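Printed here is work_30.pdb (PDB, C-alpha atoms):
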```pdb
ATOM      1  CA  MET A   1      -0.640 -17.120   1.505
ATOM      2  CA  THR A   2      -3.454 -16.979  -1.005
ATOM      3  CA  GLN A   3      -1.526 -17.211  -4.258
ATOM      4  CA  PRO A   4       1.827 -18.644  -5.317
ATOM      5  CA  ILE A   5       4.550 -16.017  -4.850
ATOM      6  CA  VAL A   6       6.261 -15.318  -8.158
ATOM      7  CA  PRO A   7      10.042 -15.021  -7.726
ATOM      8  CA  ARG A   8      11.270 -11.468  -8.235
ATOM      9  CA  TYR A   9      13.667 -12.396 -11.062
ATOM     10  CA  VAL A  10      10.630 -13.298 -13.201
ATOM     11  CA  TYR A  11       9.425  -9.700 -12.937
ATOM     12  CA  TYR A  12      12.880  -8.336 -13.784
ATOM     13  CA  ARG A  13      13.109 -10.554 -16.855
ATOM     14  CA  VAL A  14       9.630  -9.589 -18.046
ATOM     15  CA  PHE A  15      10.558  -5.929 -17.527
ATOM     16  CA  ALA A  16      13.748  -6.374 -19.574
ATOM     17  CA  ALA A  17      11.829  -8.184 -22.318
ATOM     18  CA  LEU A  18       9.225  -5.390 -22.431
ATOM     19  CA  LEU A  19      11.936  -2.724 -22.759
ATOM     20  CA  ALA A  20      13.678  -4.727 -25.480
ATOM     21  CA  LEU A  21      10.400  -5.130 -27.397
ATOM     22  CA  THR A  22       9.746  -1.373 -27.088
ATOM     23  CA  LEU A  23      13.163  -0.632 -28.622
ATOM     24  CA  LEU A  24      12.495  -3.247 -31.308
ATOM     25  CA  THR A  25       9.131  -1.765 -32.260
ATOM     26  CA  VAL A  26      10.667   1.733 -32.585
ATOM     27  CA  ALA A  27      13.612   0.378 -34.630
ATOM     28  CA  VAL A  28      11.361  -1.663 -36.935
ATOM     29  CA  ALA A  29       9.154   1.387 -37.567
ATOM     30  CA  TYR A  30      12.130   3.128 -39.225
ATOM     31  CA  VAL A  31      12.461   0.358 -41.815
ATOM     32  CA  ASP A  32      10.037   0.619 -44.717
ATOM     33  CA  LEU A  33       8.344  -2.767 -45.002
ATOM     34  CA  GLY A  34       5.101  -1.597 -46.583
ATOM     35  CA  PRO A  35       2.026  -3.227 -45.105
ATOM     36  CA  LEU A  36       4.232  -5.466 -42.950
ATOM     37  CA  ASN A  37       5.045  -2.475 -40.713
ATOM     38  CA  ILE A  38       1.625  -2.404 -39.074
ATOM     39  CA  VAL A  39       1.566  -6.211 -38.794
ATOM     40  CA  LEU A  40       4.926  -6.171 -36.983
ATOM     41  CA  ALA A  41       3.946  -3.214 -34.789
ATOM     42  CA  LEU A  42       0.741  -4.945 -33.683
ATOM     43  CA  GLY A  43       2.489  -8.324 -33.390
ATOM     44  CA  ILE A  44       5.065  -6.846 -31.005
ATOM     45  CA  ALA A  45       2.322  -5.007 -29.072
ATOM     46  CA  ILE A  46       0.413  -8.296 -28.665
ATOM     47  CA  CYS A  47       3.581 -10.038 -27.402
ATOM     48  CA  LYS A  48       4.083  -7.230 -24.869
ATOM     49  CA  ALA A  49       0.435  -7.421 -23.824
ATOM     50  CA  LEU A  50       0.712 -11.187 -23.315
ATOM     51  CA  LEU A  51       3.830 -10.759 -21.157
ATOM     52  CA  VAL A  52       2.079  -8.149 -19.008
ATOM     53  CA  MET A  53      -1.086 -10.249 -18.651
ATOM     54  CA  LEU A  54       0.623 -13.592 -18.003
ATOM     55  CA  PHE A  55       3.227 -12.412 -15.488
ATOM     56  CA  PHE A  56       2.470  -8.937 -14.119
ATOM     57  CA  MET A  57      -1.264  -9.632 -13.977
ATOM     58  CA  HIS A  58      -0.625 -13.199 -12.740
ATOM     59  CA  LEU A  59      -2.883 -14.762 -15.358
ATOM     60  CA  ARG A  60      -0.427 -17.640 -15.670
ATOM     61  CA  TYR A  61      -1.028 -18.450 -12.006
ATOM     62  CA  SER A  62      -4.780 -17.776 -11.991
ATOM     63  CA  THR A  63      -7.797 -20.072 -12.135
ATOM     64  CA  HIS A  64      -9.359 -21.248 -15.398
ATOM     65  CA  LEU A  65     -12.374 -19.093 -14.641
ATOM     66  CA  THR A  66     -10.144 -15.991 -14.716
ATOM     67  CA  TRP A  67      -8.673 -17.172 -18.014
ATOM     68  CA  ILE A  68     -12.155 -17.475 -19.509
ATOM     69  CA  VAL A  69     -13.169 -13.989 -18.324
ATOM     70  CA  ALA A  70      -9.963 -12.451 -19.703
ATOM     71  CA  ALA A  71     -10.454 -14.274 -23.003
ATOM     72  CA  THR A  72     -14.031 -12.975 -23.185
ATOM     73  CA  GLY A  73     -12.716  -9.416 -23.373
ATOM     74  CA  VAL A  74     -10.421 -10.238 -26.266
ATOM     75  CA  VAL A  75     -13.091 -12.289 -28.084
ATOM     76  CA  TRP A  76     -15.679  -9.501 -27.939
ATOM     77  CA  LEU A  77     -13.130  -6.878 -28.937
ATOM     78  CA  GLY A  78     -12.370  -9.140 -31.900
ATOM     79  CA  HIS A  79     -16.087  -9.314 -32.780
ATOM     80  CA  LEU A  80     -16.381  -5.535 -32.545
ATOM     81  CA  ILE A  81     -13.454  -4.878 -34.872
ATOM     82  CA  ILE A  82     -13.846  -7.793 -37.311
ATOM     83  CA  PHE A  83     -17.565  -7.342 -37.982
ATOM     84  CA  SER A  84     -17.324  -3.550 -38.219
ATOM     85  CA  MET A  85     -14.364  -3.726 -40.586
ATOM     86  CA  ALA A  86     -16.078  -6.447 -42.650
ATOM     87  CA  ASP A  87     -18.809  -3.848 -43.181
ATOM     88  CA  TYR A  88     -16.536  -0.869 -43.945
ATOM     89  CA  LEU A  89     -14.100  -2.755 -46.155
ATOM     90  CA  SER A  90     -16.774  -4.439 -48.273
ATOM     91  CA  ARG A  91     -18.888  -1.335 -48.913
ATOM     92  CA  GLY A  92     -17.403  -0.679 -52.365
ATOM     93  CA  TRP A  93     -17.776  -4.267 -53.552
ATOM     94  CA  ILE A  94     -21.360  -4.077 -54.741
ATOM     95  CA  PRO A  95     -21.925  -1.221 -57.185
TER
ATOM     96  CA  MET B   1      -5.743 -20.886   7.647
ATOM     97  CA  ALA B   2      -7.880 -19.427  10.399
ATOM     98  CA  ALA B   3     -11.522 -19.333   9.355
ATOM     99  CA  SER B   4     -12.148 -16.415  11.687
ATOM    100  CA  HIS B   5      -9.579 -14.103  10.101
ATOM    101  CA  ASP B   6     -10.449 -10.397  10.474
ATOM    102  CA  ALA B   7     -10.296  -9.742   6.747
ATOM    103  CA  LEU B   8     -12.501 -12.703   5.795
ATOM    104  CA  ALA B   9     -16.052 -11.748   4.773
ATOM    105  CA  GLU B  10     -18.667 -14.245   5.907
ATOM    106  CA  GLN B  11     -19.843 -15.249   2.426
ATOM    107  CA  PHE B  12     -16.466 -16.828   1.607
ATOM    108  CA  ASP B  13     -15.147 -20.217   2.693
ATOM    109  CA  ASP B  14     -11.603 -18.990   3.130
ATOM    110  CA  LEU B  15      -9.198 -16.176   2.248
ATOM    111  CA  ARG B  16      -8.065 -17.935  -0.900
ATOM    112  CA  GLN B  17     -11.600 -18.015  -2.275
ATOM    113  CA  GLN B  18     -12.119 -14.390  -1.260
ATOM    114  CA  HIS B  19      -8.903 -13.366  -2.982
ATOM    115  CA  GLU B  20      -9.888 -15.210  -6.169
ATOM    116  CA  ALA B  21     -13.333 -13.617  -6.156
ATOM    117  CA  ALA B  22     -11.767 -10.160  -5.822
ATOM    118  CA  SER B  23      -9.356 -10.766  -8.710
ATOM    119  CA  LEU B  24     -12.138 -12.197 -10.845
ATOM    120  CA  GLY B  25     -14.333  -9.170 -10.153
ATOM    121  CA  MET B  26     -11.522  -6.860 -11.226
ATOM    122  CA  TRP B  27     -11.036  -8.888 -14.412
ATOM    123  CA  VAL B  28     -14.758  -8.557 -15.215
ATOM    124  CA  PHE B  29     -14.432  -4.781 -14.800
ATOM    125  CA  LEU B  30     -11.326  -4.772 -17.001
ATOM    126  CA  VAL B  31     -13.241  -6.626 -19.728
ATOM    127  CA  THR B  32     -15.768  -3.769 -19.791
ATOM    128  CA  GLU B  33     -12.792  -1.387 -19.956
ATOM    129  CA  ILE B  34     -11.359  -3.293 -22.933
ATOM    130  CA  LEU B  35     -14.636  -2.712 -24.776
ATOM    131  CA  PHE B  36     -14.799   0.906 -23.591
ATOM    132  CA  PHE B  37     -11.410   1.642 -25.159
ATOM    133  CA  GLY B  38     -12.281  -0.844 -27.927
ATOM    134  CA  GLY B  39     -14.824   1.569 -29.409
ATOM    135  CA  LEU B  40     -12.101   4.198 -29.787
ATOM    136  CA  PHE B  41      -9.672   1.679 -31.253
ATOM    137  CA  LEU B  42     -12.385   0.704 -33.735
ATOM    138  CA  GLY B  43     -12.952   4.369 -34.655
ATOM    139  CA  TYR B  44      -9.211   4.709 -35.177
ATOM    140  CA  THR B  45      -9.101   1.573 -37.370
ATOM    141  CA  VAL B  46     -12.025   2.713 -39.522
ATOM    142  CA  TYR B  47     -10.596   6.194 -40.154
ATOM    143  CA  ARG B  48      -7.078   4.958 -40.588
ATOM    144  CA  THR B  49      -8.171   2.553 -43.341
ATOM    145  CA  THR B  50     -10.230   5.343 -44.896
ATOM    146  CA  TYR B  51      -7.504   8.031 -44.795
ATOM    147  CA  PRO B  52      -4.155   6.202 -44.609
ATOM    148  CA  GLU B  53      -2.132   9.059 -46.148
ATOM    149  CA  ALA B  54      -3.495  11.762 -43.853
ATOM    150  CA  PHE B  55      -3.033   9.580 -40.753
ATOM    151  CA  ARG B  56       0.589   8.919 -41.657
ATOM    152  CA  GLU B  57       1.153  12.628 -42.232
ATOM    153  CA  ALA B  58      -0.563  13.615 -38.976
ATOM    154  CA  SER B  59       1.407  11.027 -37.008
ATOM    155  CA  HIS B  60       4.613  12.912 -37.971
ATOM    156  CA  HIS B  61       3.561  15.670 -35.604
ATOM    157  CA  LEU B  62       3.912  13.403 -32.573
ATOM    158  CA  ASP B  63       7.250  13.160 -30.802
ATOM    159  CA  ILE B  64       8.468   9.540 -31.016
ATOM    160  CA  LEU B  65      11.207  10.082 -28.433
ATOM    161  CA  LEU B  66       8.784  11.378 -25.800
ATOM    162  CA  GLY B  67       6.340   8.579 -26.666
ATOM    163  CA  ALA B  68       9.046   5.926 -26.329
ATOM    164  CA  VAL B  69      10.346   7.388 -23.051
ATOM    165  CA  ASN B  70       6.805   7.403 -21.711
ATOM    166  CA  THR B  71       6.394   3.755 -22.736
ATOM    167  CA  ALA B  72       9.527   2.897 -20.758
ATOM    168  CA  VAL B  73       8.305   4.937 -17.770
ATOM    169  CA  LEU B  74       4.977   3.110 -17.763
ATOM    170  CA  ILE B  75       6.616  -0.307 -18.123
ATOM    171  CA  GLY B  76       8.851   0.644 -15.200
ATOM    172  CA  SER B  77       5.796   1.571 -13.166
ATOM    173  CA  SER B  78       4.283  -1.821 -13.961
ATOM    174  CA  LEU B  79       7.448  -3.453 -12.641
ATOM    175  CA  THR B  80       7.306  -1.498  -9.371
ATOM    176  CA  MET B  81       3.577  -2.302  -9.116
ATOM    177  CA  ALA B  82       4.340  -6.013  -9.492
ATOM    178  CA  LEU B  83       7.047  -5.614  -6.835
ATOM    179  CA  SER B  84       4.486  -3.905  -4.560
ATOM    180  CA  VAL B  85       2.288  -6.998  -4.754
ATOM    181  CA  HIS B  86       5.354  -9.145  -4.157
ATOM    182  CA  SER B  87       6.247  -7.132  -1.039
ATOM    183  CA  ALA B  88       2.663  -7.451   0.211
ATOM    184  CA  GLN B  89       2.814 -11.226  -0.280
ATOM    185  CA  GLU B  90       5.999 -11.359   1.770
ATOM    186  CA  GLY B  91       4.559  -9.054   4.418
ATOM    187  CA  LYS B  92       7.231  -6.377   3.943
ATOM    188  CA  ARG B  93       5.359  -3.238   4.929
ATOM    189  CA  ARG B  94       8.078  -0.647   4.234
ATOM    190  CA  ALA B  95       8.954  -2.152   0.848
ATOM    191  CA  LEU B  96       5.247  -2.218  -0.034
ATOM    192  CA  VAL B  97       4.766   1.467   0.794
ATOM    193  CA  GLY B  98       8.025   2.337  -0.984
ATOM    194  CA  PHE B  99       7.129   0.521  -4.193
ATOM    195  CA  LEU B 100       3.628   1.998  -4.188
ATOM    196  CA  LEU B 101       5.108   5.503  -3.891
ATOM    197  CA  VAL B 102       7.626   4.850  -6.689
ATOM    198  CA  THR B 103       4.792   3.526  -8.877
ATOM    199  CA  MET B 104       2.781   6.700  -8.216
ATOM    200  CA  LEU B 105       5.841   8.825  -8.950
ATOM    201  CA  LEU B 106       6.427   7.074 -12.299
ATOM    202  CA  GLY B 107       2.749   7.559 -13.127
ATOM    203  CA  ALA B 108       3.145  11.261 -12.371
ATOM    204  CA  VAL B 109       6.269  11.439 -14.579
ATOM    205  CA  PHE B 110       4.234   9.916 -17.403
ATOM    206  CA  LEU B 111       1.504  12.533 -16.939
ATOM    207  CA  GLY B 112       4.143  15.280 -16.826
ATOM    208  CA  ILE B 113       5.650  14.193 -20.145
ATOM    209  CA  LYS B 114       2.160  13.864 -21.607
ATOM    210  CA  GLY B 115       1.408  17.399 -20.432
ATOM    211  CA  THR B 116       4.570  18.671 -22.164
ATOM    212  CA  GLU B 117       3.440  16.991 -25.378
ATOM    213  CA  TYR B 118      -0.014  18.550 -25.090
ATOM    214  CA  THR B 119       1.576  21.984 -24.539
ATOM    215  CA  HIS B 120       3.727  21.544 -27.659
ATOM    216  CA  LYS B 121       0.626  20.649 -29.651
ATOM    217  CA  TYR B 122      -1.056  23.803 -28.385
ATOM    218  CA  HIS B 123       1.894  25.975 -29.454
ATOM    219  CA  GLU B 124       1.958  24.242 -32.834
ATOM    220  CA  HIS B 125      -1.751  25.049 -33.296
ATOM    221  CA  LEU B 126      -2.606  21.350 -33.462
ATOM    222  CA  VAL B 127      -5.365  21.053 -30.882
ATOM    223  CA  PRO B 128      -8.704  20.399 -32.623
ATOM    224  CA  GLY B 129     -11.527  22.547 -31.300
ATOM    225  CA  LEU B 130      -9.227  24.755 -29.256
ATOM    226  CA  ARG B 131      -6.454  25.976 -31.494
ATOM    227  CA  PHE B 132      -6.137  24.337 -34.872
ATOM    228  CA  GLU B 133      -4.542  25.806 -37.988
ATOM    229  CA  TYR B 134      -3.211  23.536 -40.690
ATOM    230  CA  ASP B 135      -2.268  24.567 -44.196
ATOM    231  CA  ALA B 136      -2.289  21.394 -46.236
ATOM    232  CA  PRO B 137      -4.701  19.445 -48.410
ATOM    233  CA  HIS B 138      -5.468  16.891 -45.662
ATOM    234  CA  ALA B 139      -6.345  19.438 -42.955
ATOM    235  CA  GLY B 140      -9.719  17.897 -42.071
ATOM    236  CA  GLN B 141      -8.379  14.378 -41.813
ATOM    237  CA  VAL B 142      -5.296  15.475 -39.895
ATOM    238  CA  GLN B 143      -7.683  17.110 -37.458
ATOM    239  CA  LEU B 144      -9.543  13.802 -37.187
ATOM    240  CA  PHE B 145      -6.331  11.969 -36.292
ATOM    241  CA  LEU B 146      -5.429  14.550 -33.680
ATOM    242  CA  ALA B 147      -8.940  14.447 -32.215
ATOM    243  CA  LEU B 148      -8.568  10.664 -31.830
ATOM    244  CA  TYR B 149      -5.086  11.227 -30.373
ATOM    245  CA  PHE B 150      -6.355  13.638 -27.733
ATOM    246  CA  VAL B 151      -9.419  11.590 -26.798
ATOM    247  CA  MET B 152      -7.541   8.276 -26.593
ATOM    248  CA  THR B 153      -4.480   9.575 -24.744
ATOM    249  CA  GLY B 154      -6.688  11.874 -22.634
ATOM    250  CA  LEU B 155      -8.904   9.003 -21.545
ATOM    251  CA  HIS B 156      -5.786   6.959 -20.870
ATOM    252  CA  ALA B 157      -4.283   9.796 -18.804
ATOM    253  CA  PHE B 158      -7.546  10.041 -16.858
ATOM    254  CA  HIS B 159      -7.348   6.326 -16.040
ATOM    255  CA  LEU B 160      -3.762   6.795 -14.923
ATOM    256  CA  THR B 161      -4.786   9.696 -12.670
ATOM    257  CA  VAL B 162      -7.445   7.498 -11.059
ATOM    258  CA  GLY B 163      -4.771   4.812 -10.620
ATOM    259  CA  ILE B 164      -2.415   7.238  -8.866
ATOM    260  CA  GLY B 165      -5.223   8.256  -6.479
ATOM    261  CA  LEU B 166      -6.025   4.600  -5.818
ATOM    262  CA  LEU B 167      -2.405   3.771  -5.006
ATOM    263  CA  GLY B 168      -2.235   6.830  -2.735
ATOM    264  CA  VAL B 169      -5.073   5.437  -0.621
ATOM    265  CA  LEU B 170      -3.400   2.011  -0.590
ATOM    266  CA  ALA B 171      -0.062   3.513   0.468
ATOM    267  CA  VAL B 172      -1.722   5.140   3.506
ATOM    268  CA  LEU B 173      -3.550   1.912   4.399
ATOM    269  CA  ALA B 174      -0.375  -0.108   3.902
ATOM    270  CA  TRP B 175       1.559   2.284   6.151
ATOM    271  CA  ARG B 176      -1.050   1.725   8.848
ATOM    272  CA  GLY B 177      -0.457  -2.018   8.543
ATOM    273  CA  ARG B 178      -3.771  -2.916   6.985
ATOM    274  CA  PHE B 179      -2.315  -5.598   4.695
ATOM    275  CA  SER B 180      -0.656  -8.910   5.408
ATOM    276  CA  PRO B 181       0.460 -11.981   3.452
ATOM    277  CA  ASP B 182      -3.038 -13.346   4.203
ATOM    278  CA  TYR B 183      -4.863 -10.267   3.035
ATOM    279  CA  TYR B 184      -3.598  -8.099   0.195
ATOM    280  CA  ALA B 185      -6.456  -8.379  -2.327
ATOM    281  CA  PRO B 186      -6.786  -4.562  -2.686
ATOM    282  CA  ILE B 187      -3.098  -4.360  -3.704
ATOM    283  CA  GLU B 188      -3.538  -7.222  -6.167
ATOM    284  CA  THR B 189      -6.717  -5.818  -7.767
ATOM    285  CA  SER B 190      -5.366  -2.249  -7.971
ATOM    286  CA  GLY B 191      -2.283  -3.786  -9.553
ATOM    287  CA  LEU B 192      -4.478  -5.459 -12.179
ATOM    288  CA  TYR B 193      -6.014  -2.071 -12.941
ATOM    289  CA  TRP B 194      -2.591  -0.403 -13.147
ATOM    290  CA  HIS B 195      -1.254  -3.054 -15.537
ATOM    291  CA  PHE B 196      -4.376  -2.655 -17.674
ATOM    292  CA  VAL B 197      -3.623   1.059 -18.075
ATOM    293  CA  ASP B 198      -0.120   0.020 -19.153
ATOM    294  CA  LEU B 199      -1.662  -2.428 -21.667
ATOM    295  CA  VAL B 200      -3.728   0.323 -23.287
ATOM    296  CA  TRP B 201      -0.599   2.427 -23.749
ATOM    297  CA  ILE B 202       1.270  -0.548 -25.238
ATOM    298  CA  PHE B 203      -1.227  -0.406 -28.124
ATOM    299  CA  LEU B 204      -1.617   3.380 -28.272
ATOM    300  CA  PHE B 205       2.112   3.990 -28.699
ATOM    301  CA  PRO B 206       2.676   2.124 -31.999
ATOM    302  CA  LEU B 207      -0.747   3.019 -33.415
ATOM    303  CA  LEU B 208      -0.442   6.758 -32.792
ATOM    304  CA  TYR B 209       3.293   7.509 -32.835
ATOM    305  CA  LEU B 210       4.917   4.965 -35.128
ATOM    306  CA  ILE B 211       2.666   4.788 -38.184
ATOM    307  CA  GLY B 212       4.209   7.718 -40.041
ATOM    308  CA  VAL B 213       7.930   7.275 -39.463
ATOM    309  CA  HIS B 214       8.968   6.788 -43.065
TER
END
```
Please re-express this file's structure in structure tokens.
Amino acid sequence: MTQPIVPRYVYYRVFAALLALTLLTVAVAYVDLGPLNIVLALGIAICKALLVMLFFMHLRYSTHLTWIVAATGVVWLGHLIIFSMADYLSRGWIP
Amino acid sequence: MAASHDALAEQFDDLRQQHEAASLGMWVFLVTEILFFGGLFLGYTVYRTTYPEAFREASHHLDILLGAVNTAVLIGSSLTMALSVHSAQEGKRRALVGFLLVTMLLGAVFLGIKGTEYTHKYHEHLVPGLRFEYDAPHAGQVQLFLALYFVMTGLHAFHLTVGIGLLGVLAVLAWRGRFSPDYYAPIETSGLYWHFVDLVWIFLFPLLYLIGVH
């Protein structure tokens, strides 16, 4: 054995949670909440992503080094989007 | 743990270290994949903030039901993939092959539904560059949304196709008894890749299908 074996019920529960969150995100999309709609949609997507990464991808049971590498991806994606949008969104500010 | 295990490469101390190195390598690859798709997500974000109305309008042309069903199919395939790894860890060869085949089948169902959606778009004259006619003020920007839709979902579908091929090879190897509770790193790393493809879809679905509901 090279890794702790995750009990099968954990996978079933994560699967159920992912299905429930999918239904929730579709249901919420039908309610007009203005700008909150996209926040909720992305919030739910991030929750689903975390569930997949922590349990299906075994991140929860992985070494700290793996955690750091996984976090690197998210951090650089954040840089890419935040800095680019800081540019695009502020272009009209200075006449 | 026997140091002279068949599957142990000489540069590793033991199978545990080898397994961790394999997983870590796959994670490094997935980080480059995050940034690969990240460029498209950035393009989407920029144009969506620039043309919010047109993007909402264009999103109406996507079928939410098919998108939601496909999300469920892909989540199901992630479950069976996780169960494949579980079977490998327990040394259950038949269960491993079975779950791998079901995972491939669900992947194929996803591609089938995606293909149906693409065909509908073609009949509705909504395929930029191939067959696009749109009589409304936002035509250009609607075309932009659909171009992003086809590139992002197309690239995603390509990744899924690669995944199905990968699992096919693993299923044959597993059938021949190549894997054991001591050595299943290829199942684990291919699983990581499969779940990553699921992750991309988890973000594509709300961003493409759900932004124009009301």
Check what the PyMOL selection byres ((chain B) within 7 of (chain A)) selects in the file above and give those residues as a list in words.
-> Leu15, Arg16, His19, Leu24, Trp27, Val28, Val31, Ile34, Leu35, Gly38, Leu42, Val46, Ala72, Ile75, Leu79, Ala82, His86, Gln89, Pro181, Asp182, Leu192, His195, Leu199, Ile202, Phe203, Pro206, Leu210, Val213 and His214 of chain B
May I have the residues within 7 Å of stretch 183-190 of chain B as an mmCIF file with C-alpha atoms, in the frame of the given file, using all atoms listed in the file and disregarding those fewer than 6 positions away in the same chain?
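Ended up saving to result-v2.cif:
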```cif
data_model
loop_
_atom_site.group_PDB
_atom_site.id
_atom_site.type_symbol
_atom_site.label_atom_id
_atom_site.label_comp_id
_atom_site.auth_asym_id
_atom_site.auth_seq_id
_atom_site.Cartn_x
_atom_site.Cartn_y
_atom_site.Cartn_z
ATOM 1 C CA ALA B 7 -10.296 -9.742 6.747
ATOM 2 C CA HIS B 19 -8.903 -13.366 -2.982
ATOM 3 C CA ALA B 22 -11.767 -10.160 -5.822
ATOM 4 C CA SER B 23 -9.356 -10.766 -8.710
ATOM 5 C CA MET B 26 -11.522 -6.860 -11.226
ATOM 6 C CA VAL B 85 2.288 -6.998 -4.754
ATOM 7 C CA ALA B 88 2.663 -7.451 0.211
#
```
Report the distance between atom CA of B:Pro128 and atom CA of B:Thr161 in Å, rounded to one decimal place.
->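 These two atoms are separated by 23.0 Å.
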B:Lys92 environment, 12 Å, only C-alpha atoms, sequence neighbours closer than 6 positions dropped, as a list in words |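 So the residues in contact are Leu83, Ser84, Val85, His86, Gly98, Phe99, Ala174, Trp175, Gly177, Arg178, Phe179, Ser180, Pro181 and Tyr184 of chain B.
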Serialized selection, C-alpha atoms, as a PDB file, in the frame of the given file:
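Below is the file again-v8.pdb, written as the result:
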```pdb
ATOM      1  CA  LEU B  83       7.047  -5.614  -6.835  1.00  0.00           C
ATOM      2  CA  SER B  84       4.486  -3.905  -4.560  1.00  0.00           C
ATOM      3  CA  VAL B  85       2.288  -6.998  -4.754  1.00  0.00           C
ATOM      4  CA  HIS B  86       5.354  -9.145  -4.157  1.00  0.00           C
ATOM      5  CA  GLY B  98       8.025   2.337  -0.984  1.00  0.00           C
ATOM      6  CA  PHE B  99       7.129   0.521  -4.193  1.00  0.00           C
ATOM      7  CA  ALA B 174      -0.375  -0.108   3.902  1.00  0.00           C
ATOM      8  CA  TRP B 175       1.559   2.284   6.151  1.00  0.00           C
ATOM      9  CA  GLY B 177      -0.457  -2.018   8.543  1.00  0.00           C
ATOM     10  CA  ARG B 178      -3.771  -2.916   6.985  1.00  0.00           C
ATOM     11  CA  PHE B 179      -2.315  -5.598   4.695  1.00  0.00           C
ATOM     12  CA  SER B 180      -0.656  -8.910   5.408  1.00  0.00           C
ATOM     13  CA  PRO B 181       0.460 -11.981   3.452  1.00  0.00           C
ATOM     14  CA  TYR B 184      -3.598  -8.099   0.195  1.00  0.00           C
TER      15      TYR B 184
END
```
Just need the box for stretch 21-27 of chain A, edges along x, y and z, holding every atom the file lists for it with 5 Å tacked onto each side, so centre and edge lengths in Å to one decimal, as JSON.
```
{"center_x": 11.4, "center_y": -1.7, "center_z": -30.9, "size_x": 14.5, "size_y": 16.9, "size_z": 17.5}
```
Distance in Å - atom CA of B:Ile164 versus atom CA of B:Gly107 | 6.7 Å
re atom CA of B:Val102 and atom CA of B:Thr71: distance 16.1 Å
If the PyMOL selection byres ((chain B and resi 112) around 12) is run on the structure shown, which residues does it catch, given as a list in words?
-> Leu66, Val69, Asn70, Val73, Leu105, Leu106, Gly107, Ala108, Val109, Phe110, Leu111, Ile113, Lys114, Gly115, Thr116, Glu117, Tyr118, Thr119, Ala157, Leu160 and Thr161 of chain B
List every protein, DNA or RNA residue with an atom no more than 10 Å from (-2.3, 16.1, -31.9) in the file's coordinates, counting all atoms listed in the file, and format the result as a PyMOL selection string.
-> chain B and resi 58-62+117-118+120-122+124-128+132+142-151+153+208
Could you get me a file of stretch 19-31 of chain A with N, CA and C atoms, as a compact mmCIF listing (two decimals), in the first residue's frame, taken from the block above?
```
# COMPACT_ATOMS: atom_id res chain seq x y z
N LEU A 19 -23.59 16.47 -7.25
CA LEU A 19 -24.86 16.50 -7.98
C LEU A 19 -25.78 17.56 -7.39
N ALA A 20 -25.83 17.60 -6.05
CA ALA A 20 -26.70 18.58 -5.38
C ALA A 20 -26.27 20.00 -5.75
N LEU A 21 -24.95 20.24 -5.75
CA LEU A 21 -24.45 21.59 -6.08
C LEU A 21 -24.75 21.94 -7.54
N THR A 22 -24.73 20.92 -8.43
CA THR A 22 -25.06 21.18 -9.83
C THR A 22 -26.52 21.62 -9.95
N LEU A 23 -27.42 20.90 -9.25
CA LEU A 23 -28.83 21.28 -9.26
C LEU A 23 -29.00 22.70 -8.69
N LEU A 24 -28.28 22.96 -7.59
CA LEU A 24 -28.37 24.26 -6.93
C LEU A 24 -27.95 25.38 -7.88
N THR A 25 -26.84 25.17 -8.60
CA THR A 25 -26.34 26.23 -9.46
C THR A 25 -27.31 26.50 -10.62
N VAL A 26 -27.98 25.44 -11.12
CA VAL A 26 -28.98 25.64 -12.18
C VAL A 26 -30.18 26.39 -11.60
N ALA A 27 -30.65 25.95 -10.41
CA ALA A 27 -31.82 26.59 -9.78
C ALA A 27 -31.56 28.07 -9.51
N VAL A 28 -30.38 28.36 -8.94
CA VAL A 28 -30.05 29.74 -8.57
C VAL A 28 -29.98 30.64 -9.81
N ALA A 29 -29.56 30.04 -10.94
CA ALA A 29 -29.43 30.84 -12.17
C ALA A 29 -30.77 31.38 -12.64
N TYR A 30 -31.88 30.68 -12.25
CA TYR A 30 -33.21 31.12 -12.68
C TYR A 30 -33.76 32.26 -11.83
N VAL A 31 -33.08 32.56 -10.71
CA VAL A 31 -33.52 33.66 -9.86
C VAL A 31 -32.68 34.89 -10.23
```
